[in-house]
Structures are given as C-alpha cells and as structure tokens.
>>> print(open('run13.tsv').read())   # TSV, N, CA and C atoms
chain	number	residue	atom	x	y	z
A	1	MET	N	25.16	-11.22	-26.21
A	1	MET	CA	23.88	-10.92	-26.83
A	1	MET	C	23.58	-9.44	-26.62
A	2	THR	N	23.21	-8.77	-27.68
A	2	THR	CA	22.87	-7.36	-27.63
A	2	THR	C	21.35	-7.20	-27.63
A	3	LEU	N	20.86	-6.39	-26.69
A	3	LEU	CA	19.42	-6.16	-26.58
A	3	LEU	C	19.00	-5.03	-27.50
A	4	PRO	N	17.79	-5.10	-28.03
A	4	PRO	CA	17.28	-4.01	-28.86
A	4	PRO	C	17.16	-2.73	-28.03
A	5	PRO	N	17.32	-1.55	-28.64
A	5	PRO	CA	17.27	-0.28	-27.90
A	5	PRO	C	15.99	-0.10	-27.08
A	6	ALA	N	14.86	-0.52	-27.62
A	6	ALA	CA	13.59	-0.36	-26.89
A	6	ALA	C	13.62	-1.16	-25.59
A	7	MET	N	14.20	-2.37	-25.65
A	7	MET	CA	14.27	-3.20	-24.45
A	7	MET	C	15.24	-2.60	-23.43
A	8	VAL	N	16.34	-2.06	-23.90
A	8	VAL	CA	17.31	-1.42	-23.02
A	8	VAL	C	16.65	-0.25	-22.30
A	9	ASP	N	15.87	0.55	-23.04
A	9	ASP	CA	15.16	1.68	-22.43
A	9	ASP	C	14.16	1.20	-21.39
A	10	SER	N	13.46	0.10	-21.68
A	10	SER	CA	12.48	-0.45	-20.74
A	10	SER	C	13.16	-0.95	-19.48
A	11	ILE	N	14.27	-1.62	-19.63
A	11	ILE	CA	15.02	-2.12	-18.48
A	11	ILE	C	15.52	-0.95	-17.64
A	12	ALA	N	16.04	0.08	-18.27
A	12	ALA	CA	16.53	1.25	-17.54
A	12	ALA	C	15.40	1.93	-16.79
A	13	ALA	N	14.24	2.04	-17.42
A	13	ALA	CA	13.08	2.66	-16.75
A	13	ALA	C	12.65	1.82	-15.56
A	14	PHE	N	12.64	0.50	-15.72
A	14	PHE	CA	12.27	-0.39	-14.62
A	14	PHE	C	13.25	-0.25	-13.46
A	15	GLU	N	14.54	-0.24	-13.76
A	15	GLU	CA	15.55	-0.11	-12.71
A	15	GLU	C	15.45	1.23	-12.00
A	16	GLU	N	15.06	2.27	-12.71
A	16	GLU	CA	14.89	3.59	-12.09
A	16	GLU	C	13.72	3.57	-11.10
A	17	VAL	N	12.61	2.96	-11.51
A	17	VAL	CA	11.46	2.86	-10.61
A	17	VAL	C	11.79	1.99	-9.41
A	18	LEU	N	12.47	0.88	-9.65
A	18	LEU	CA	12.86	-0.01	-8.56
A	18	LEU	C	13.77	0.69	-7.56
A	19	ALA	N	14.72	1.47	-8.04
A	19	ALA	CA	15.62	2.21	-7.15
A	19	ALA	C	14.84	3.19	-6.29
A	20	LYS	N	13.82	3.81	-6.87
A	20	LYS	CA	12.99	4.75	-6.11
A	20	LYS	C	12.34	4.05	-4.93
A	21	PHE	N	11.82	2.86	-5.15
A	21	PHE	CA	11.10	2.15	-4.10
A	21	PHE	C	12.02	1.40	-3.14
A	22	GLU	N	13.28	1.25	-3.48
A	22	GLU	CA	14.21	0.61	-2.57
A	22	GLU	C	14.64	1.56	-1.46
A	23	ARG	N	14.27	2.82	-1.55
A	23	ARG	CA	14.64	3.80	-0.53
A	23	ARG	C	13.56	3.91	0.54
A	24	ASP	N	13.06	2.77	1.00
A	24	ASP	CA	12.07	2.73	2.07
A	24	ASP	C	10.75	3.40	1.72
A	25	THR	N	10.39	3.40	0.47
A	25	THR	CA	9.09	3.92	0.08
A	25	THR	C	8.07	2.80	0.28
A	26	TYR	N	6.98	3.11	0.94
A	26	TYR	CA	5.93	2.15	1.18
A	26	TYR	C	4.89	2.27	0.07
A	27	VAL	N	4.55	1.16	-0.55
A	27	VAL	CA	3.51	1.11	-1.57
A	27	VAL	C	2.34	0.38	-0.95
A	28	LEU	N	1.24	1.12	-0.75
A	28	LEU	CA	0.07	0.60	-0.04
A	28	LEU	C	-1.15	0.68	-0.93
A	29	ARG	N	-2.01	-0.34	-0.82
A	29	ARG	CA	-3.30	-0.35	-1.52
A	29	ARG	C	-4.36	-0.64	-0.46
A	30	LEU	N	-5.33	0.24	-0.37
A	30	LEU	CA	-6.41	0.06	0.58
A	30	LEU	C	-7.69	-0.21	-0.20
A	31	TYR	N	-8.26	-1.38	0.00
A	31	TYR	CA	-9.50	-1.77	-0.66
A	31	TYR	C	-10.66	-1.46	0.28
A	32	ILE	N	-11.65	-0.72	-0.23
A	32	ILE	CA	-12.80	-0.34	0.57
A	32	ILE	C	-14.10	-0.67	-0.17
A	33	ALA	N	-15.21	-0.55	0.56
A	33	ALA	CA	-16.53	-0.81	-0.02
A	33	ALA	C	-17.37	0.45	0.04
A	34	GLY	N	-17.20	1.32	-0.93
A	34	GLY	CA	-18.00	2.53	-1.01
A	34	GLY	C	-17.77	3.48	0.16
A	35	GLY	N	-18.82	4.22	0.48
A	35	GLY	CA	-18.73	5.23	1.53
A	35	GLY	C	-19.24	4.76	2.87
A	36	THR	N	-19.06	3.50	3.19
A	36	THR	CA	-19.52	2.99	4.48
A	36	THR	C	-18.72	3.63	5.61
A	37	PRO	N	-19.28	3.69	6.81
A	37	PRO	CA	-18.54	4.25	7.94
A	37	PRO	C	-17.21	3.53	8.19
A	38	GLN	N	-17.20	2.20	8.06
A	38	GLN	CA	-15.96	1.46	8.29
A	38	GLN	C	-14.91	1.81	7.22
A	39	SER	N	-15.34	1.98	5.99
A	39	SER	CA	-14.41	2.37	4.92
A	39	SER	C	-13.84	3.76	5.19
A	40	ALA	N	-14.70	4.69	5.58
A	40	ALA	CA	-14.26	6.06	5.87
A	40	ALA	C	-13.27	6.08	7.03
A	41	ARG	N	-13.53	5.28	8.07
A	41	ARG	CA	-12.60	5.20	9.21
A	41	ARG	C	-11.26	4.63	8.78
A	42	ALA	N	-11.30	3.59	7.94
A	42	ALA	CA	-10.05	2.97	7.48
A	42	ALA	C	-9.20	3.97	6.70
A	43	VAL	N	-9.83	4.72	5.80
A	43	VAL	CA	-9.09	5.72	5.01
A	43	VAL	C	-8.52	6.78	5.93
A	44	ALA	N	-9.33	7.32	6.82
A	44	ALA	CA	-8.87	8.38	7.73
A	44	ALA	C	-7.76	7.88	8.65
A	45	ASN	N	-7.95	6.69	9.23
A	45	ASN	CA	-6.94	6.15	10.14
A	45	ASN	C	-5.61	5.91	9.43
A	46	LEU	N	-5.67	5.36	8.22
A	46	LEU	CA	-4.44	5.08	7.48
A	46	LEU	C	-3.73	6.36	7.06
A	47	LYS	N	-4.49	7.33	6.56
A	47	LYS	CA	-3.85	8.59	6.16
A	47	LYS	C	-3.21	9.29	7.34
A	48	THR	N	-3.87	9.30	8.49
A	48	THR	CA	-3.30	9.92	9.69
A	48	THR	C	-2.01	9.22	10.09
A	49	LEU	N	-2.03	7.90	10.11
A	49	LEU	CA	-0.85	7.13	10.50
A	49	LEU	C	0.29	7.32	9.51
A	50	CYS	N	-0.02	7.29	8.22
A	50	CYS	CA	1.03	7.46	7.21
A	50	CYS	C	1.66	8.85	7.28
A	51	GLU	N	0.86	9.87	7.49
A	51	GLU	CA	1.42	11.22	7.59
A	51	GLU	C	2.28	11.37	8.84
A	52	ALA	N	1.90	10.70	9.91
A	52	ALA	CA	2.66	10.79	11.16
A	52	ALA	C	3.96	10.00	11.11
A	53	LYS	N	3.95	8.83	10.46
A	53	LYS	CA	5.10	7.93	10.50
A	53	LYS	C	5.86	7.81	9.19
A	54	LEU	N	5.21	8.10	8.07
A	54	LEU	CA	5.85	7.88	6.76
A	54	LEU	C	5.79	9.09	5.85
A	55	ALA	N	5.68	10.26	6.40
A	55	ALA	CA	5.51	11.48	5.59
A	55	ALA	C	6.54	11.53	4.46
A	56	GLY	N	6.02	11.63	3.25
A	56	GLY	CA	6.90	11.71	2.08
A	56	GLY	C	7.50	10.39	1.64
A	57	ARG	N	7.17	9.29	2.33
A	57	ARG	CA	7.77	7.99	2.00
A	57	ARG	C	6.72	6.93	1.70
A	58	TYR	N	5.56	7.34	1.24
A	58	TYR	CA	4.55	6.33	0.94
A	58	TYR	C	3.74	6.73	-0.29
A	59	GLU	N	3.22	5.69	-0.93
A	59	GLU	CA	2.33	5.85	-2.08
A	59	GLU	C	1.08	5.05	-1.73
A	60	LEU	N	-0.04	5.74	-1.56
A	60	LEU	CA	-1.28	5.10	-1.17
A	60	LEU	C	-2.30	5.17	-2.30
A	61	THR	N	-2.85	4.02	-2.63
A	61	THR	CA	-3.93	3.94	-3.61
A	61	THR	C	-5.15	3.38	-2.89
A	62	VAL	N	-6.25	4.12	-2.93
A	62	VAL	CA	-7.51	3.66	-2.34
A	62	VAL	C	-8.39	3.16	-3.47
A	63	ILE	N	-8.82	1.91	-3.36
A	63	ILE	CA	-9.61	1.28	-4.41
A	63	ILE	C	-10.99	0.94	-3.86
A	64	ASP	N	-12.00	1.57	-4.42
A	64	ASP	CA	-13.39	1.31	-4.04
A	64	ASP	C	-13.89	0.15	-4.90
A	65	LEU	N	-14.14	-0.98	-4.28
A	65	LEU	CA	-14.55	-2.15	-5.04
A	65	LEU	C	-15.98	-2.05	-5.58
A	66	PHE	N	-16.76	-1.09	-5.07
A	66	PHE	CA	-18.07	-0.86	-5.69
A	66	PHE	C	-17.88	-0.26	-7.08
A	67	GLU	N	-16.84	0.55	-7.25
A	67	GLU	CA	-16.56	1.18	-8.54
A	67	GLU	C	-15.68	0.31	-9.43
A	68	HIS	N	-14.79	-0.48	-8.83
A	68	HIS	CA	-13.84	-1.30	-9.59
A	68	HIS	C	-13.80	-2.72	-9.03
A	69	PRO	N	-14.86	-3.49	-9.19
A	69	PRO	CA	-14.91	-4.84	-8.62
A	69	PRO	C	-13.86	-5.79	-9.20
A	70	GLU	N	-13.39	-5.53	-10.39
A	70	GLU	CA	-12.40	-6.40	-11.02
A	70	GLU	C	-11.06	-6.38	-10.29
A	71	GLU	N	-10.81	-5.34	-9.52
A	71	GLU	CA	-9.54	-5.21	-8.78
A	71	GLU	C	-9.40	-6.25	-7.67
A	72	ALA	N	-10.51	-6.76	-7.16
A	72	ALA	CA	-10.48	-7.70	-6.04
A	72	ALA	C	-9.81	-9.02	-6.41
A	73	ALA	N	-10.03	-9.49	-7.62
A	73	ALA	CA	-9.49	-10.79	-8.02
A	73	ALA	C	-7.98	-10.80	-8.08
A	74	ALA	N	-7.39	-9.76	-8.61
A	74	ALA	CA	-5.93	-9.73	-8.80
A	74	ALA	C	-5.18	-9.86	-7.48
A	75	ASP	N	-5.69	-9.20	-6.43
A	75	ASP	CA	-5.01	-9.25	-5.13
A	75	ASP	C	-5.71	-10.17	-4.14
A	76	GLN	N	-6.66	-10.97	-4.61
A	76	GLN	CA	-7.37	-11.97	-3.81
A	76	GLN	C	-7.98	-11.34	-2.55
A	77	ILE	N	-8.75	-10.29	-2.75
A	77	ILE	CA	-9.40	-9.60	-1.65
A	77	ILE	C	-10.72	-10.30	-1.34
A	78	VAL	N	-10.90	-10.71	-0.07
A	78	VAL	CA	-12.12	-11.42	0.32
A	78	VAL	C	-12.88	-10.72	1.44
A	79	ALA	N	-12.27	-9.74	2.08
A	79	ALA	CA	-12.91	-8.99	3.16
A	79	ALA	C	-12.54	-7.52	3.00
A	80	LEU	N	-13.42	-6.64	3.49
A	80	LEU	CA	-13.18	-5.20	3.35
A	80	LEU	C	-13.40	-4.50	4.68
A	81	PRO	N	-12.71	-3.42	4.92
A	81	PRO	CA	-11.55	-2.92	4.17
A	81	PRO	C	-10.32	-3.80	4.39
A	82	THR	N	-9.48	-3.86	3.37
A	82	THR	CA	-8.22	-4.60	3.43
A	82	THR	C	-7.08	-3.68	3.00
A	83	LEU	N	-6.04	-3.64	3.82
A	83	LEU	CA	-4.82	-2.91	3.49
A	83	LEU	C	-3.81	-3.92	2.97
A	84	LEU	N	-3.24	-3.64	1.82
A	84	LEU	CA	-2.21	-4.48	1.23
A	84	LEU	C	-0.93	-3.68	1.16
A	85	LYS	N	0.10	-4.14	1.87
A	85	LYS	CA	1.43	-3.51	1.79
A	85	LYS	C	2.21	-4.28	0.74
A	86	GLN	N	2.49	-3.63	-0.38
A	86	GLN	CA	3.21	-4.29	-1.47
A	86	GLN	C	4.73	-4.12	-1.32
A	87	LEU	N	5.16	-2.95	-0.95
A	87	LEU	CA	6.59	-2.67	-0.74
A	87	LEU	C	6.73	-1.82	0.50
A	88	PRO	N	7.80	-1.92	1.22
A	88	PRO	CA	8.88	-2.89	1.05
A	88	PRO	C	8.41	-4.29	1.40
A	89	LEU	N	9.07	-5.26	0.82
A	89	LEU	CA	8.73	-6.65	1.10
A	89	LEU	C	9.01	-6.96	2.56
A	90	PRO	N	8.33	-7.88	3.17
A	90	PRO	CA	7.38	-8.83	2.61
A	90	PRO	C	6.00	-8.22	2.45
A	91	LEU	N	5.24	-8.81	1.54
A	91	LEU	CA	3.86	-8.42	1.31
A	91	LEU	C	3.06	-8.72	2.58
A	92	ARG	N	2.19	-7.79	2.96
A	92	ARG	CA	1.36	-7.97	4.15
A	92	ARG	C	-0.07	-7.55	3.85
A	93	ARG	N	-1.03	-8.19	4.54
A	93	ARG	CA	-2.46	-7.84	4.46
A	93	ARG	C	-2.96	-7.56	5.85
A	94	LEU	N	-3.82	-6.58	5.95
A	94	LEU	CA	-4.42	-6.22	7.23
A	94	LEU	C	-5.88	-5.90	6.96
A	95	ILE	N	-6.77	-6.53	7.70
A	95	ILE	CA	-8.21	-6.37	7.48
A	95	ILE	C	-8.81	-5.60	8.64
A	96	GLY	N	-9.71	-4.66	8.33
A	96	GLY	CA	-10.42	-3.92	9.37
A	96	GLY	C	-10.31	-2.42	9.13
A	97	ASP	N	-10.78	-1.65	10.13
A	97	ASP	CA	-10.81	-0.19	9.97
A	97	ASP	C	-9.50	0.49	10.35
A	98	LEU	N	-8.48	-0.31	10.69
A	98	LEU	CA	-7.12	0.18	10.96
A	98	LEU	C	-7.08	1.12	12.16
A	99	SER	N	-7.99	0.94	13.11
A	99	SER	CA	-8.03	1.81	14.28
A	99	SER	C	-7.01	1.43	15.34
A	100	ASP	N	-6.50	0.21	15.29
A	100	ASP	CA	-5.46	-0.23	16.24
A	100	ASP	C	-4.10	0.13	15.63
A	101	SER	N	-3.63	1.32	15.95
A	101	SER	CA	-2.41	1.82	15.29
A	101	SER	C	-1.19	0.95	15.58
A	102	SER	N	-1.10	0.36	16.76
A	102	SER	CA	0.07	-0.49	17.04
A	102	SER	C	0.05	-1.74	16.16
A	103	ARG	N	-1.12	-2.28	15.87
A	103	ARG	CA	-1.25	-3.43	14.98
A	103	ARG	C	-0.89	-3.04	13.55
A	104	VAL	N	-1.32	-1.86	13.13
A	104	VAL	CA	-1.00	-1.40	11.78
A	104	VAL	C	0.51	-1.16	11.65
A	105	LEU	N	1.11	-0.54	12.64
A	105	LEU	CA	2.56	-0.31	12.61
A	105	LEU	C	3.31	-1.63	12.54
A	106	LEU	N	2.86	-2.61	13.30
A	106	LEU	CA	3.49	-3.93	13.28
A	106	LEU	C	3.37	-4.55	11.89
A	107	ALA	N	2.20	-4.47	11.29
A	107	ALA	CA	1.99	-5.03	9.95
A	107	ALA	C	2.85	-4.34	8.89
A	108	LEU	N	3.08	-3.04	9.08
A	108	LEU	CA	3.90	-2.29	8.12
A	108	LEU	C	5.39	-2.36	8.43
A	109	ASP	N	5.75	-3.07	9.49
A	109	ASP	CA	7.15	-3.18	9.94
A	109	ASP	C	7.73	-1.83	10.32
A	110	ILE	N	6.92	-1.02	10.98
A	110	ILE	CA	7.38	0.28	11.48
A	110	ILE	C	7.49	0.17	12.99
A	111	LYS	N	8.65	0.45	13.50
A	111	LYS	CA	8.85	0.37	14.94
A	111	LYS	C	8.22	1.57	15.63
A	112	PRO	N	7.35	1.32	16.63
A	112	PRO	CA	6.76	2.45	17.36
A	112	PRO	C	7.83	3.16	18.18
A	113	GLU	N	7.66	4.46	18.30
A	113	GLU	CA	8.61	5.23	19.10
A	113	GLU	C	8.32	5.00	20.57
A	114	LEU	N	9.37	4.89	21.34
A	114	LEU	CA	9.23	4.71	22.80
A	114	LEU	C	8.84	6.05	23.42
A	115	GLU	N	7.92	5.99	24.33
A	115	GLU	CA	7.46	7.23	24.97
A	115	GLU	C	8.21	7.45	26.26
>>> encode(input="run13.tsv", output="structure tokens")
Amino acid sequence: MTLPPAMVDSIAAFEEVLAKFERDTYVLRLYIAGGTPQSARAVANLKTLCEAKLAGRYELTVIDLFEHPEEAAADQIVALPTLLKQLPLPLRRLIGDLSDSSRVLLALDIKPELE
C-alpha cells in the first residue's frame, strides 16, 4: 500500500518530533491558579530545579487556569498547582508548590547527586 505524499510528510514530521523527545527531553506542564503566592512559588521552584538539573533538556509550559479553564479537563486537573510530566514516560503528576526538591526529583525520575 502506498501512502499519499501529504501523509508521508506528516509521518516524517511526527517521527522527527518524536526523535527529538527521545533524547531525554522532559516535557512538563505546570497548572497554576493566577498570581497566588503558592502558584508563584511553584513556578519559581520548578524553574530553579529545571535549570539546575535539566538545563537545555526540558520544555516547560505554564498554564494559568484562570485564563484557560478549558485546559483542566483534558489533563484531568483537580488541584492546583499541579505539575504534569508528559515525557519521558511514565506520565507523572505532582501537586503542591514543588518546594520539596527531593520529591520533585523523584517524580521526574532524576537521580539526586550524592554529596
């Protein structure tokens, strides 16, 4: 069976994106509730941790559910802030301000460095 050229191009584009993320790139979504102190702490804590442990190897999307409430249903978000690790698999969820860095590292499957 021969695929139409448009489908072949789509498959090639998908495989290219997939290959990019198979190189240990972390795809993270952080759901927050506006500018609350807990939301601000979660964003700051996650950015600090990602820069320290995953510099250049992560894609972070921060979603404010006050601005985009429809986003909560797709990922079944019931508490805020919630961190969703989409890639690498397995999918993980972490709720809270992400101040416990050892818990966040464990959820992201990142081994802490021995001191």
>>> select_by_dssp(input="run13.tsv", residues="chain A", states="strand (DSSP E or B)", output="PyMOL selection string")
chain A and resi 26-32+58-64+82-87+92-95
>>> atom_distance(input="run13.tsv", atom1="atom N of Pro69 of chain A", atom2="atom C of Arg93 of chain A")
19.6 Å
>>> atom_distance(input="run13.tsv", atom1="atom N of Arg92 of chain A", atom2="atom N of Gln38 of chain A")
22.4 Å
>>> atom_distance(input="run13.tsv", atom1="atom CA of Ser101 of chain A", atom2="atom CA of Glu70 of chain A")
29.3 Å
>>> residues_near_point(input="run13.tsv", point="(-13.3, 0.0, -2.5)", cutoff="12 Å", atoms="only C-alpha atoms", output="PyMOL selection string")
chain A and resi 29-36+38-40+42-43+61-72+77-83
>>> closest_residue(input="run13.tsv", among="A:Ala52, A:Ala74, A:Leu108, A:Leu46", to="Leu89 of chain A", atoms="only C-alpha atoms")
A:Leu108
>>> closest_residue(input="run13.tsv", among="A:Cys50, A:Ala73, A:Leu87, A:Leu60", to="Val104 of chain A", atoms="only C-alpha atoms")
A:Cys50
>>> select_by_dssp(input="run13.tsv", residues="segment 20-49 of chain A", states="alpha helix (DSSP H)", output="VMD selection string")
chain A and resid 20 to 21 37 to 49
>>> closest_residue(input="run13.tsv", among="A:Pro90, A:Leu84, A:Ser99, A:Lys111", to="Leu28 of chain A", atoms="only N, CA and C atoms")
A:Leu84
